[in-house]
Amino acid sequence: MSTMYSAKVMDHFANPRNVGELADANGVGEVGNAKCGDIMKMYLKIENNVIEDVKFKTFGCGAAIATSSIATEMIKGKTIDEALQLTNKAVVEALDGLPPVKLHCSVLAEQAVKSALSDYYTRQGVDPTPIIGCMSDDCHACSCEGQHE
Ligand code: FES
């Protein structure tokens, strides 16, 4: 890997936090990017509106691993509402930046969190669309060209 990555990206890529699965997750989301083929899976354990635990598995590039790792740190212990505020931009800032061609990897992290929250609401019998928005495969973020901010 070249020096185009910040020290924080390299740290989260080399030592990703919260890797794995949660057997007792009550919200699980999986998103992928059709162009690069990378896949991110996010497991949430939510109690009383708070994300008590979170784990992820990413089959993808180093930036995708780093963005999902830091995203889990950013939402752990937070309320659902706070987790819904997590933007890919905040993820990029927390990592001290990403090269433009890798911005779509951070979009995947935001989408993975939203997808898991969407699953949580569905399991509660609540329609997630008004709360979270469109999670379908044809939304702009999922078919991104690596240029999203
Ligand atoms: Fe596609 Fe990183 S290259 S998620």
# chains A, B, ... in the order shown; residues from 1 in each chain; ligands from 1

call {"tool": "residues_around", "arguments": {"residues": "A:Ile75", "least_positions_apart": "3", "cutoff": "10 Å", "atoms": "only C-alpha atoms", "output": "list in words"}}
result
Leu44, Val50, Ile51, Glu52, Asp53, Val54, Ile70, Ala71, Thr72, Lys78, Thr79, Ile80, Glu82, Ala83, Leu84, Gln85, Leu86 and Val113 of chain A

call {"tool": "residues_near_ligand", "arguments": {"ligand": "ligand 1", "cutoff": "7 Å", "atoms": "only C-alpha atoms and all ligand atoms", "output": "MDAnalysis selection string"}}
result
chainID A and resid 33 36:38 60:64 102 104:105 108

call {"tool": "atom_distance", "arguments": {"atom1": "atom CA of A:Phe59", "atom2": "atom CA of A:Asp119"}}
result
20.3 Å

call {"tool": "closest_residue", "arguments": {"among": "A:Gln124, A:Thr129, A:Thr67, A:Ser115", "to": "A:Tyr43", "atoms": "only C-alpha atoms"}}
result
A:Ser115

call {"tool": "residues_around", "arguments": {"residues": "A:Ser106", "least_positions_apart": "3", "cutoff": "9 Å", "atoms": "only C-alpha atoms", "output": "list in words"}}
result
Ala63, Ala64, Ala66, Thr67, Ser68, Ala71, Thr87, Asn88, Lys89, Val91, Val92, Leu98, Lys102, Leu103, Ala109, Glu110, Gln111 and Glu149 of chain A

call {"tool": "select_by_dssp", "arguments": {"residues": "stretch 29-95 of chain A", "states": "alpha helix (DSSP H)", "output": "list in words"}}
result
Gly62, Ala63, Ala64, Ile65, Ala66, Thr67, Ser68, Ser69, Ile70, Ala71, Thr72, Glu73, Met74, Ile75, Ile80, Asp81, Glu82, Ala83, Leu84, Asn88, Lys89, Ala90, Val91, Val92, Glu93 and Ala94 of chain A

call {"tool": "closest_atom_pairs", "arguments": {"of": "stretch 72-121 of chain A", "to": "stretch 5-13 of chain A", "cutoff": "7 Å", "atoms": "only C-alpha atoms", "output": "JSON lines"}}
result
{"residue": "A:Leu95", "atom": "CA", "partner": "A:Lys8", "partner_atom": "CA", "distance": 5.3}
{"residue": "A:Asp96", "atom": "CA", "partner": "A:Ser6", "partner_atom": "CA", "distance": 6.2}
{"residue": "A:Gly97", "atom": "CA", "partner": "A:Ser6", "partner_atom": "CA", "distance": 6.8}
{"residue": "A:Leu98", "atom": "CA", "partner": "A:Tyr5", "partner_atom": "CA", "distance": 6.5}

call {"tool": "closest_residue", "arguments": {"among": "A:Met4, A:Cys134, A:Glu47, A:Asn18", "to": "A:Met74", "atoms": "only C-alpha atoms"}}
result
A:Asn18

call {"tool": "closest_residue", "arguments": {"among": "A:Ala14, A:Ile39, A:Val19, A:Val28", "to": "A:Thr122", "atoms": "only C-alpha atoms"}}
result
A:Val28

call {"tool": "residues_around", "arguments": {"residues": "A:Lys41", "least_positions_apart": "2", "cutoff": "6 Å", "atoms": "only C-alpha atoms", "output": "PyMOL selection string"}}
result
chain A and resi 29-30+56-57
